[in-house]
Structure formats: structure tokens, C-alpha cells
>>> print(open('structure14.cif').read())   # mmCIF, C-alpha atoms (C1' of nucleotides)
data_entry
loop_
_atom_site.group_PDB
_atom_site.id
_atom_site.type_symbol
_atom_site.label_atom_id
_atom_site.label_comp_id
_atom_site.auth_asym_id
_atom_site.auth_seq_id
_atom_site.Cartn_x
_atom_site.Cartn_y
_atom_site.Cartn_z
ATOM 1 C CA MET A 1 21.289 71.699 -150.056
ATOM 2 C CA HIS A 2 20.400 74.504 -152.403
ATOM 3 C CA GLU A 3 17.898 73.738 -155.140
ATOM 4 C CA LEU A 4 20.375 74.683 -157.875
ATOM 5 C CA ASP A 5 22.949 72.364 -156.291
ATOM 6 C CA GLN A 6 20.528 69.480 -156.646
ATOM 7 C CA VAL A 7 19.424 70.346 -160.162
ATOM 8 C CA PHE A 8 22.912 70.917 -161.568
ATOM 9 C CA THR A 9 24.285 67.870 -159.776
ATOM 10 C CA ALA A 10 21.427 65.755 -161.107
ATOM 11 C CA LEU A 11 22.188 66.961 -164.631
ATOM 12 C CA GLY A 12 25.887 66.228 -164.241
ATOM 13 C CA ASP A 13 25.496 62.574 -165.127
ATOM 14 C CA GLY A 14 24.995 61.187 -168.617
ATOM 15 C CA THR A 15 22.721 58.379 -167.489
ATOM 16 C CA ARG A 16 20.415 60.831 -165.789
ATOM 17 C CA ARG A 17 20.353 63.155 -168.786
ATOM 18 C CA ALA A 18 19.487 60.135 -170.933
ATOM 19 C CA ILE A 19 16.642 59.271 -168.574
ATOM 20 C CA LEU A 20 15.287 62.787 -168.931
ATOM 21 C CA ALA A 21 15.581 62.532 -172.703
ATOM 22 C CA ARG A 22 13.592 59.298 -172.607
ATOM 23 C CA LEU A 23 10.920 60.867 -170.428
ATOM 24 C CA SER A 24 10.650 63.828 -172.771
ATOM 25 C CA LEU A 25 9.004 61.320 -175.149
ATOM 26 C CA GLY A 26 6.359 60.667 -172.515
ATOM 27 C CA GLU A 27 5.650 59.046 -169.192
ATOM 28 C CA ALA A 28 7.122 55.565 -168.731
ATOM 29 C CA PRO A 29 7.258 52.794 -166.140
ATOM 30 C CA LEU A 30 10.560 52.426 -164.335
ATOM 31 C CA SER A 31 11.195 49.054 -165.968
ATOM 32 C CA GLU A 32 10.905 50.660 -169.377
ATOM 33 C CA VAL A 33 13.119 53.562 -168.348
ATOM 34 C CA ALA A 34 15.726 51.104 -167.131
ATOM 35 C CA GLU A 35 15.625 48.838 -170.159
ATOM 36 C CA PRO A 36 18.158 50.591 -172.472
ATOM 37 C CA PHE A 37 20.824 50.835 -169.781
ATOM 38 C CA ASP A 38 23.490 48.272 -169.084
ATOM 39 C CA MET A 39 22.742 48.551 -165.408
ATOM 40 C CA SER A 40 20.554 46.867 -162.823
ATOM 41 C CA GLN A 41 17.053 48.227 -162.369
ATOM 42 C CA THR A 42 18.006 49.125 -158.818
ATOM 43 C CA GLY A 43 20.829 51.235 -160.205
ATOM 44 C CA VAL A 44 18.479 53.098 -162.528
ATOM 45 C CA SER A 45 16.018 53.446 -159.676
ATOM 46 C CA LYS A 46 18.683 55.283 -157.708
ATOM 47 C CA HIS A 47 19.269 57.681 -160.572
ATOM 48 C CA VAL A 48 15.535 58.303 -160.793
ATOM 49 C CA ARG A 49 15.561 59.023 -157.083
ATOM 50 C CA VAL A 50 18.238 61.682 -157.568
ATOM 51 C CA LEU A 51 16.173 63.239 -160.352
ATOM 52 C CA SER A 52 13.061 63.040 -158.226
ATOM 53 C CA ASP A 53 14.810 64.690 -155.249
ATOM 54 C CA ALA A 54 15.850 67.485 -157.594
ATOM 55 C CA GLY A 55 12.219 67.843 -158.674
ATOM 56 C CA LEU A 56 12.968 66.876 -162.258
ATOM 57 C CA VAL A 57 10.924 63.693 -162.281
ATOM 58 C CA GLN A 58 7.675 62.816 -160.632
ATOM 59 C CA VAL A 59 6.992 59.170 -159.818
ATOM 60 C CA THR A 60 3.410 57.964 -159.504
ATOM 61 C CA LYS A 61 2.437 54.516 -158.364
ATOM 62 C CA ARG A 62 -0.414 52.852 -160.234
ATOM 63 C CA GLY A 63 -0.867 49.219 -159.350
ATOM 64 C CA ARG A 64 2.517 47.574 -159.055
ATOM 65 C CA THR A 65 4.010 49.962 -161.595
ATOM 66 C CA ARG A 66 5.845 53.222 -160.949
ATOM 67 C CA TYR A 67 5.310 55.689 -163.749
ATOM 68 C CA CYS A 68 7.979 58.328 -164.229
ATOM 69 C CA ARG A 69 7.134 61.707 -165.656
ATOM 70 C CA LEU A 70 9.400 64.578 -166.646
ATOM 71 C CA VAL A 71 8.976 67.786 -164.678
ATOM 72 C CA ALA A 72 10.970 70.450 -166.476
ATOM 73 C CA ALA A 73 10.168 73.392 -164.179
ATOM 74 C CA PRO A 74 13.389 73.258 -162.108
ATOM 75 C CA MET A 75 15.399 73.472 -165.307
ATOM 76 C CA LYS A 76 13.987 76.929 -165.734
ATOM 77 C CA ASP A 77 15.890 78.170 -162.687
ATOM 78 C CA ALA A 78 19.068 76.496 -163.866
ATOM 79 C CA ALA A 79 18.672 78.061 -167.296
ATOM 80 C CA ALA A 80 17.987 81.451 -165.709
ATOM 81 C CA TRP A 81 21.162 81.163 -163.659
ATOM 82 C CA LEU A 82 23.182 80.316 -166.765
ATOM 83 C CA GLU A 83 21.642 83.155 -168.730
ATOM 84 C CA THR A 84 23.084 85.704 -166.317
ATOM 85 C CA TYR A 85 26.406 84.717 -167.921
ATOM 86 C CA GLN A 86 25.152 84.878 -171.475
ATOM 87 C CA GLY A 87 26.791 88.261 -171.997
ATOM 88 C CA PHE A 88 30.122 86.769 -171.012
ATOM 89 C CA TRP A 89 30.234 83.961 -173.491
ATOM 90 C CA ASN A 90 29.213 86.334 -176.260
ATOM 91 C CA ASP A 91 31.723 88.985 -175.171
ATOM 92 C CA GLN A 92 34.494 86.484 -174.759
ATOM 93 C CA PHE A 93 33.901 85.047 -178.179
ATOM 94 C CA GLN A 94 34.039 88.575 -179.569
ATOM 95 C CA ALA A 95 37.203 89.306 -177.584
ATOM 96 C CA LEU A 96 38.784 86.160 -179.012
ATOM 97 C CA ALA A 97 37.710 87.045 -182.542
ATOM 98 C CA GLU A 98 39.208 90.512 -182.167
ATOM 99 C CA HIS A 99 42.394 89.050 -180.803
ATOM 100 C CA VAL A 100 42.690 86.689 -183.741
ATOM 101 C CA GLU A 101 42.021 89.609 -186.061
ATOM 102 C CA ARG A 102 44.745 91.680 -184.387
ATOM 103 C CA ASP A 103 47.211 88.864 -184.961
ATOM 104 C CA ALA A 104 46.250 88.543 -188.609
ATOM 105 C CA MET B 1 33.930 62.055 -168.644
ATOM 106 C CA HIS B 2 31.607 63.954 -170.931
ATOM 107 C CA GLU B 3 32.061 67.719 -171.121
ATOM 108 C CA LEU B 4 28.498 68.370 -169.950
ATOM 109 C CA ASP B 5 29.084 66.051 -167.001
ATOM 110 C CA GLN B 6 32.007 68.192 -165.921
ATOM 111 C CA VAL B 7 30.261 71.509 -166.494
ATOM 112 C CA PHE B 8 27.018 70.590 -164.746
ATOM 113 C CA THR B 9 28.859 68.905 -161.899
ATOM 114 C CA ALA B 10 31.092 71.959 -161.481
ATOM 115 C CA LEU B 11 28.005 74.166 -161.303
ATOM 116 C CA GLY B 12 26.345 71.894 -158.750
ATOM 117 C CA ASP B 13 28.151 73.475 -155.830
ATOM 118 C CA GLY B 14 27.315 76.827 -154.255
ATOM 119 C CA THR B 15 30.932 77.685 -153.484
ATOM 120 C CA ARG B 16 31.899 77.166 -157.102
ATOM 121 C CA ARG B 17 28.980 79.231 -158.388
ATOM 122 C CA ALA B 18 30.044 81.978 -155.974
ATOM 123 C CA ILE B 19 33.594 81.812 -157.344
ATOM 124 C CA LEU B 20 32.247 82.243 -160.867
ATOM 125 C CA ALA B 21 30.131 85.181 -159.703
ATOM 126 C CA ARG B 22 33.245 86.779 -158.224
ATOM 127 C CA LEU B 23 35.199 86.234 -161.426
ATOM 128 C CA SER B 24 32.409 87.760 -163.474
ATOM 129 C CA LEU B 25 33.538 91.045 -161.873
ATOM 130 C CA GLY B 26 36.975 90.513 -163.335
ATOM 131 C CA GLU B 27 40.166 88.505 -163.141
ATOM 132 C CA ALA B 28 41.457 87.929 -159.612
ATOM 133 C CA PRO B 29 44.381 86.243 -157.843
ATOM 134 C CA LEU B 30 43.536 83.002 -156.094
ATOM 135 C CA SER B 31 44.153 84.571 -152.676
ATOM 136 C CA GLU B 32 41.557 87.213 -153.441
ATOM 137 C CA VAL B 33 39.103 84.625 -154.758
ATOM 138 C CA ALA B 34 39.557 82.620 -151.569
ATOM 139 C CA GLU B 35 39.254 85.538 -149.173
ATOM 140 C CA PRO B 36 35.428 85.678 -148.717
ATOM 141 C CA PHE B 37 35.107 81.984 -147.980
ATOM 142 C CA ASP B 38 35.307 80.388 -144.571
ATOM 143 C CA MET B 39 37.627 77.756 -145.967
ATOM 144 C CA SER B 40 41.352 77.222 -146.374
ATOM 145 C CA GLN B 41 42.975 78.541 -149.523
ATOM 146 C CA THR B 42 43.839 74.967 -150.419
ATOM 147 C CA GLY B 43 40.142 74.156 -150.265
ATOM 148 C CA VAL B 44 39.258 76.993 -152.598
ATOM 149 C CA SER B 45 42.146 76.002 -154.829
ATOM 150 C CA LYS B 46 40.552 72.588 -155.236
ATOM 151 C CA HIS B 47 37.253 74.150 -156.255
ATOM 152 C CA VAL B 48 39.082 76.306 -158.777
ATOM 153 C CA ARG B 49 40.697 73.161 -160.110
ATOM 154 C CA VAL B 50 37.282 71.582 -160.673
ATOM 155 C CA LEU B 51 36.152 74.715 -162.499
ATOM 156 C CA SER B 52 39.353 74.768 -164.500
ATOM 157 C CA ASP B 53 38.982 71.095 -165.465
ATOM 158 C CA ALA B 54 35.485 71.929 -166.686
ATOM 159 C CA GLY B 55 36.931 74.762 -168.756
ATOM 160 C CA LEU B 56 35.041 77.417 -166.836
ATOM 161 C CA VAL B 57 38.084 79.139 -165.382
ATOM 162 C CA GLN B 58 41.502 79.782 -166.813
ATOM 163 C CA VAL B 59 44.408 80.129 -164.426
ATOM 164 C CA THR B 60 47.464 82.092 -165.509
ATOM 165 C CA LYS B 61 50.654 82.303 -163.505
ATOM 166 C CA ARG B 62 52.317 85.712 -163.369
ATOM 167 C CA GLY B 63 55.140 85.870 -160.880
ATOM 168 C CA ARG B 64 54.133 84.035 -157.751
ATOM 169 C CA THR B 65 50.476 84.865 -158.303
ATOM 170 C CA ARG B 66 47.848 82.733 -160.047
ATOM 171 C CA TYR B 67 45.260 84.876 -161.726
ATOM 172 C CA CYS B 68 41.845 83.318 -162.283
ATOM 173 C CA ARG B 69 39.691 84.351 -165.182
ATOM 174 C CA LEU B 70 36.124 83.373 -166.034
ATOM 175 C CA VAL B 71 35.675 81.448 -169.273
ATOM 176 C CA ALA B 72 31.949 81.328 -169.949
ATOM 177 C CA ALA B 73 32.061 79.399 -173.233
ATOM 178 C CA PRO B 74 31.279 75.937 -171.781
ATOM 179 C CA MET B 75 28.162 77.370 -170.182
ATOM 180 C CA LYS B 76 26.862 77.917 -173.677
ATOM 181 C CA ASP B 77 26.669 74.169 -174.262
ATOM 182 C CA ALA B 78 24.995 73.624 -170.906
ATOM 183 C CA ALA B 79 22.476 76.357 -171.690
ATOM 184 C CA ALA B 80 21.868 74.863 -175.123
ATOM 185 C CA TRP B 81 21.187 71.461 -173.571
ATOM 186 C CA LEU B 82 18.711 72.988 -171.136
ATOM 187 C CA GLU B 83 16.994 74.947 -173.867
ATOM 188 C CA THR B 84 16.002 71.753 -175.640
ATOM 189 C CA TYR B 85 13.611 71.347 -172.683
ATOM 190 C CA GLN B 86 12.336 74.908 -172.769
ATOM 191 C CA GLY B 87 9.140 73.826 -174.482
ATOM 192 C CA PHE B 88 8.466 71.401 -171.649
ATOM 193 C CA TRP B 89 8.634 73.829 -168.805
ATOM 194 C CA ASN B 90 6.400 76.249 -170.684
ATOM 195 C CA ASP B 91 3.935 73.509 -171.652
ATOM 196 C CA GLN B 92 3.894 72.063 -168.204
ATOM 197 C CA PHE B 93 3.259 75.432 -166.632
ATOM 198 C CA GLN B 94 0.395 75.901 -169.057
ATOM 199 C CA ALA B 95 -0.943 72.437 -168.284
ATOM 200 C CA LEU B 96 -0.829 73.249 -164.589
ATOM 201 C CA ALA B 97 -2.551 76.605 -165.122
ATOM 202 C CA GLU B 98 -5.289 74.902 -167.114
ATOM 203 C CA HIS B 99 -5.682 72.301 -164.439
ATOM 204 C CA VAL B 100 -6.039 74.967 -161.746
ATOM 205 C CA GLU B 101 -8.555 76.757 -163.946
ATOM 206 C CA ARG B 102 -10.563 73.554 -164.394
ATOM 207 C CA ASP B 103 -10.731 73.189 -160.625
ATOM 208 C CA ALA B 104 -11.909 76.772 -160.129
ATOM 209 C "C1'" DA C 1 70.853 87.458 -147.134
ATOM 210 C "C1'" DA C 2 66.575 87.177 -144.457
ATOM 211 C "C1'" DT C 3 61.885 87.209 -144.438
ATOM 212 C "C1'" DA C 4 57.228 87.422 -146.058
ATOM 213 C "C1'" DT C 5 53.786 86.099 -149.516
ATOM 214 C "C1'" DA C 6 51.321 83.062 -153.082
ATOM 215 C "C1'" DG C 7 50.460 78.913 -153.909
ATOM 216 C "C1'" DT C 8 51.136 73.752 -154.439
ATOM 217 C "C1'" DC C 9 51.572 69.055 -152.845
ATOM 218 C "C1'" DA C 10 50.961 64.909 -150.121
ATOM 219 C "C1'" DA C 11 48.663 62.684 -146.628
ATOM 220 C "C1'" DC C 12 44.886 62.169 -144.068
ATOM 221 C "C1'" DT C 13 39.672 62.110 -142.372
ATOM 222 C "C1'" DA C 14 34.878 61.970 -143.190
ATOM 223 C "C1'" DC C 15 31.274 61.715 -146.151
ATOM 224 C "C1'" DT C 16 28.743 60.807 -150.397
ATOM 225 C "C1'" DA C 17 27.879 58.564 -154.866
ATOM 226 C "C1'" DA C 18 27.485 54.736 -158.085
ATOM 227 C "C1'" DG C 19 26.896 50.346 -158.563
ATOM 228 C "C1'" DT C 20 26.067 45.443 -157.219
ATOM 229 C "C1'" DT C 21 23.386 41.364 -155.143
ATOM 230 C "C1'" DG C 22 19.894 38.873 -152.533
ATOM 231 C "C1'" DA C 23 15.866 38.931 -149.945
ATOM 232 C "C1'" DC C 24 11.574 40.904 -149.582
ATOM 233 C "C1'" DT C 25 6.672 43.242 -150.640
ATOM 234 C "C1'" DA C 26 2.947 44.086 -153.482
ATOM 235 C "C1'" DT C 27 0.251 43.460 -157.420
ATOM 236 C "C1'" DA C 28 -1.181 40.754 -161.654
ATOM 237 C "C1'" DT C 29 -2.143 36.671 -164.101
ATOM 238 C "C1'" DC C 30 -3.120 31.691 -164.956
ATOM 239 C "C1'" DG D 1 -3.577 29.105 -154.845
ATOM 240 C "C1'" DA D 2 0.655 29.247 -157.507
ATOM 241 C "C1'" DT D 3 3.534 31.879 -160.100
ATOM 242 C "C1'" DA D 4 5.324 35.782 -162.562
ATOM 243 C "C1'" DT D 5 6.229 40.801 -162.636
ATOM 244 C "C1'" DA D 6 7.391 45.580 -160.774
ATOM 245 C "C1'" DG D 7 9.782 47.472 -157.710
ATOM 246 C "C1'" DT D 8 11.938 48.428 -153.025
ATOM 247 C "C1'" DC D 9 15.170 47.791 -149.308
ATOM 248 C "C1'" DA D 10 19.369 46.706 -146.847
ATOM 249 C "C1'" DA D 11 23.974 45.588 -147.008
ATOM 250 C "C1'" DC D 12 28.020 45.813 -149.202
ATOM 251 C "C1'" DT D 13 32.128 47.360 -152.376
ATOM 252 C "C1'" DT D 14 34.536 50.709 -154.806
ATOM 253 C "C1'" DA D 15 35.637 55.107 -155.905
ATOM 254 C "C1'" DG D 16 35.297 59.961 -155.695
ATOM 255 C "C1'" DT D 17 34.586 64.569 -153.210
ATOM 256 C "C1'" DA D 18 35.192 68.129 -149.742
ATOM 257 C "C1'" DG D 19 37.780 69.582 -146.476
ATOM 258 C "C1'" DT D 20 41.833 69.834 -143.277
ATOM 259 C "C1'" DT D 21 46.917 70.401 -141.923
ATOM 260 C "C1'" DG D 22 51.932 70.709 -142.393
ATOM 261 C "C1'" DA D 23 55.809 70.794 -145.229
ATOM 262 C "C1'" DC D 24 57.525 72.511 -149.309
ATOM 263 C "C1'" DT D 25 58.631 75.668 -153.699
ATOM 264 C "C1'" DA D 26 58.903 79.872 -155.883
ATOM 265 C "C1'" DT D 27 58.785 84.690 -156.073
ATOM 266 C "C1'" DA D 28 58.874 89.421 -153.833
ATOM 267 C "C1'" DT D 29 60.385 92.685 -150.517
ATOM 268 C "C1'" DT D 30 63.439 94.931 -147.219
#
>>> encode(input="structure14.cif", output="C-alpha cells")
Amino acid sequence: MHELDQVFTALGDGTRRAILARLSLGEAPLSEVAEPFDMSQTGVSKHVRVLSDAGLVQVTKRGRTRYCRLVAAPMKDAAAWLETYQGFWNDQFQALAEHVERDA
Amino acid sequence: MHELDQVFTALGDGTRRAILARLSLGEAPLSEVAEPFDMSQTGVSKHVRVLSDAGLVQVTKRGRTRYCRLVAAPMKDAAAWLETYQGFWNDQFQALAEHVERDA
DNA sequence: AATATAGTCAACTACTAAGTTGACTATATC
DNA sequence: GATATAGTCAACTTAGTAGTTGACTATATT
């Protein structure tokens, strides 16, 4: 599976994006990451695994606790891929604006 | 399903990213979009449907032909979401660089 | 009118994803 | 040593995804 496949797929889930948002506030044990969600800890653990496989989270075991840490680097590639289309969303907005103007 | 869920999920597949790349060269009939892929046209059609549901492609029927057109606008939101983490991937790269330097 | 082309639709297979529960392991704490 | 806490693992259910094929619809072409 391509790296971008994993990263984009990992980001395509609200729970996982929320986990990343939480981790952007700092490292946290899995139990703390799981706490806000109406979901079993095992369920959250699976989401963390998806993020970890995509390289977006690093899990470190200290004692009986697993600390989760955000690793933003892979997002850079995803953002770079998106930016190759930046011209298009600008152009298309302009094209739409001109079209509206023509109608007016 | 949240818009970002659909957009990121749509982008999490190499075939679909390739379709978008093709459409960035200009509007094309479905048959032409499907041609380079080692997959049935129905299969490609399903991918186009996913892209269309995410708002990334607009399909227009003219005669018996369905023309597919790139709509980049939803990528803007995805890019904006990613950019909120831009500071992290820069910081983390810097942290890594400093760490390497400490070791040297 | 006959035929070819563009594409959909329904039905099916195989696989993956999201979530659960219950039992288990490993580490802390009293 | 007994018990509580952090987390995994395996097994399972449910639902969704990726892909196929064959029959069908609609539009062009000759």
C-alpha cells in the first residue's frame, strides 16, 4: 500500500482526526486519548494502530502505559500532493466568479 | 458522513488519485478516463462515483457520453485542515535535527 | 432498420474496516 | 500477596469497499 494511501485513509475518519487534534496538545497515554470517545478502549486502540501504521502517531511503552505522540511528518507529503492542485481550486473559483459576472 | 471524511477517503486510493491527475489535464469522457487502467469500465465508474460523491469530480451527460471534470474546491478544505499541523511537521523536523546534532 | 458505442444497473465474490466482548498479560499499588 | 490499572489479543458481528460479469438502456452511425 502506498504511503499516501495510508495517510489519506487514516485522515478520512473523524475519530482519527480528533485523536490527532488531541495529540497536538501533547503526548498522552492511550487511556487518556480514549477517554472522550463513546467507544471501547480497544476500539480507540485500533484507530491508533491505523494512525501508527500510517506513521502519524508514535507509541512508546513506559511501564504499563502506552504514550501516544503526534508525528506530523507524513502530513507534509499529503499536503504537498494537495498543493499540486492549488492552482486548480484558485482557477476554478475565478472561472466561477467570471461566469457569475457574465450572467449579471 | 463529514465532508472531510469523504474527501480524504476518496484521496486514499491510488487509482482515484490517478483519475484526478488525468482530469487535471482536462475534461474527459468516462471511457477515456478508464482506458489506462487494467480494470473494467464499471470498476472505474465506481471510483468516479466515489470522487463525485466527495465533490471532487463533476459528471455531465452530453449525448451518450459522460464527461468528467475535476472540481478541486473540496481539496482546499482538506489542505486547510492539514495546514493547521504545518507548525508541527516543521517543529518536529527541527527537533529531530537538533537531536541528531546533539548526538554528533 | 440494424448495429455499434457509452454507460448504467443488479447480482455476486472476496476482502477489509469498525466496533464489540471476554479472557489474558504486565505493571503498579496497598 | 492481593488487587487494581493499562493495555493487548482473539473471536466475533456488521457493514462497507473493490472488483467482476452479464443484461440492459440510450444514443450514434451506416
>>> resolve_selection(input="structure14.cif", expression="the PyMOL selection byres ((chain B) within 7 of (chain D))", output="NGL selection string")
:B and (43 or 63-64)
>>> write_last_selection(input="structure14.cif", atoms="C-alpha atoms", output="mmCIF file, keeping the file's coordinate frame")
data_model
loop_
_atom_site.group_PDB
_atom_site.id
_atom_site.type_symbol
_atom_site.label_atom_id
_atom_site.label_comp_id
_atom_site.auth_asym_id
_atom_site.auth_seq_id
_atom_site.Cartn_x
_atom_site.Cartn_y
_atom_site.Cartn_z
ATOM 1 C CA GLY B 43 40.142 74.156 -150.265
ATOM 2 C CA GLY B 63 55.140 85.870 -160.880
ATOM 3 C CA ARG B 64 54.133 84.035 -157.751
#
>>> resolve_selection(input="structure14.cif", expression="the PyMOL selection byres ((chain A) within 10 of (chain C))", output="list in words")
Met39, Ser40, Thr42, Gly43, Val44, Lys46, His47, Arg62, Gly63, Arg64 and Thr65 of chain A
>>> closest_residue(input="structure14.cif", among="B:Thr9, B:Arg69, B:Ala34, B:Glu3", to="chain A", atoms="all atoms listed in the file")
B:Thr9
>>> atom_distance(input="structure14.cif", atom1="atom CA of B:Arg16", atom2="atom CA of B:Gln58")
13.9 Å
>>> resolve_selection(input="structure14.cif", expression="the PyMOL selection byres ((chain A and resi 73-79) around 9)", output="PDB file with C-alpha atoms, in the coordinates of the input")
ATOM      1  CA  GLU A   3      17.898  73.738-155.140  1.00  0.00           C
ATOM      2  CA  LEU A   4      20.375  74.683-157.875  1.00  0.00           C
ATOM      3  CA  VAL A   7      19.424  70.346-160.162  1.00  0.00           C
ATOM      4  CA  PHE A   8      22.912  70.917-161.568  1.00  0.00           C
ATOM      5  CA  ALA A  54      15.850  67.485-157.594  1.00  0.00           C
ATOM      6  CA  GLY A  55      12.219  67.843-158.674  1.00  0.00           C
ATOM      7  CA  LEU A  56      12.968  66.876-162.258  1.00  0.00           C
ATOM      8  CA  VAL A  71       8.976  67.786-164.678  1.00  0.00           C
ATOM      9  CA  ALA A  72      10.970  70.450-166.476  1.00  0.00           C
ATOM     10  CA  ALA A  80      17.987  81.451-165.709  1.00  0.00           C
ATOM     11  CA  TRP A  81      21.162  81.163-163.659  1.00  0.00           C
ATOM     12  CA  LEU A  82      23.182  80.316-166.765  1.00  0.00           C
ATOM     13  CA  GLU A  83      21.642  83.155-168.730  1.00  0.00           C
ATOM     14  CA  THR A  84      23.084  85.704-166.317  1.00  0.00           C
TER      15      THR A  84
ATOM     16  CA  ALA B  78      24.995  73.624-170.906  1.00  0.00           C
ATOM     17  CA  ALA B  79      22.476  76.357-171.690  1.00  0.00           C
ATOM     18  CA  LEU B  82      18.711  72.988-171.136  1.00  0.00           C
ATOM     19  CA  GLU B  83      16.994  74.947-173.867  1.00  0.00           C
ATOM     20  CA  TYR B  85      13.611  71.347-172.683  1.00  0.00           C
ATOM     21  CA  GLN B  86      12.336  74.908-172.769  1.00  0.00           C
ATOM     22  CA  PHE B  88       8.466  71.401-171.649  1.00  0.00           C
ATOM     23  CA  TRP B  89       8.634  73.829-168.805  1.00  0.00           C
ATOM     24  CA  ASN B  90       6.400  76.249-170.684  1.00  0.00           C
ATOM     25  CA  GLN B  92       3.894  72.063-168.204  1.00  0.00           C
ATOM     26  CA  PHE B  93       3.259  75.432-166.632  1.00  0.00           C
TER      27      PHE B  93
END
>>> atom_distance(input="structure14.cif", atom1="atom CA of B:Arg49", atom2="atom CA of A:His2")
21.8 Å
>>> atom_distance(input="structure14.cif", atom1="atom CA of A:Gly14", atom2="atom CA of A:Lys61")
25.7 Å
>>> closest_residue(input="structure14.cif", among="A:Pro36, A:Pro29, A:Gly87, A:Gly12", to="chain B", atoms="only C-alpha atoms")
A:Gly12
>>> closest_residue(input="structure14.cif", among="B:Phe37, B:Leu70, B:Ile19, B:Ser52", to="chain A", atoms="only C-alpha atoms")
B:Leu70
>>> closest_residue(input="structure14.cif", among="A:Asp13, A:Met1, A:Leu25, A:Leu20", to="chain B", atoms="all atoms listed in the file")
A:Asp13
>>> decode(input="structure14.cif", residues="chain D", atoms="C-alpha atoms (C1' of nucleotides)", output="mmCIF file, in the first residue's frame")
data_model
loop_
_atom_site.group_PDB
_atom_site.id
_atom_site.type_symbol
_atom_site.label_atom_id
_atom_site.label_comp_id
_atom_site.auth_asym_id
_atom_site.auth_seq_id
_atom_site.Cartn_x
_atom_site.Cartn_y
_atom_site.Cartn_z
ATOM 1 C "C1'" DG D 1 0.479 -11.494 48.200
ATOM 2 C "C1'" DA D 2 -3.822 -9.436 46.689
ATOM 3 C "C1'" DT D 3 -5.849 -6.252 43.915
ATOM 4 C "C1'" DA D 4 -6.351 -2.543 40.676
ATOM 5 C "C1'" DT D 5 -4.891 -0.424 36.272
ATOM 6 C "C1'" DA D 6 -3.177 -0.173 31.308
ATOM 7 C "C1'" DG D 7 -3.428 -2.349 27.581
ATOM 8 C "C1'" DT D 8 -3.412 -6.361 24.201
ATOM 9 C "C1'" DC D 9 -5.307 -10.281 21.812
ATOM 10 C "C1'" DA D 10 -8.594 -13.353 19.660
ATOM 11 C "C1'" DA D 11 -13.022 -14.117 18.150
ATOM 12 C "C1'" DC D 12 -16.989 -12.428 16.524
ATOM 13 C "C1'" DT D 13 -20.712 -9.299 14.136
ATOM 14 C "C1'" DT D 14 -21.973 -5.913 10.996
ATOM 15 C "C1'" DA D 15 -21.263 -3.154 7.301
ATOM 16 C "C1'" DG D 16 -18.744 -1.244 3.597
ATOM 17 C "C1'" DT D 17 -15.340 -1.450 -0.438
ATOM 18 C "C1'" DA D 18 -13.220 -3.111 -4.658
ATOM 19 C "C1'" DG D 19 -13.772 -5.674 -8.209
ATOM 20 C "C1'" DT D 20 -16.117 -8.827 -11.569
ATOM 21 C "C1'" DT D 21 -19.742 -10.283 -15.138
ATOM 22 C "C1'" DG D 22 -23.972 -10.200 -17.888
ATOM 23 C "C1'" DA D 23 -28.051 -7.978 -19.112
ATOM 24 C "C1'" DC D 24 -29.953 -3.735 -20.078
ATOM 25 C "C1'" DT D 25 -30.790 1.455 -21.757
ATOM 26 C "C1'" DA D 26 -29.794 5.185 -24.515
ATOM 27 C "C1'" DT D 27 -27.597 7.420 -28.182
ATOM 28 C "C1'" DA D 28 -24.886 7.411 -32.660
ATOM 29 C "C1'" DT D 29 -23.706 5.675 -37.080
ATOM 30 C "C1'" DT D 30 -24.288 3.376 -41.510
#
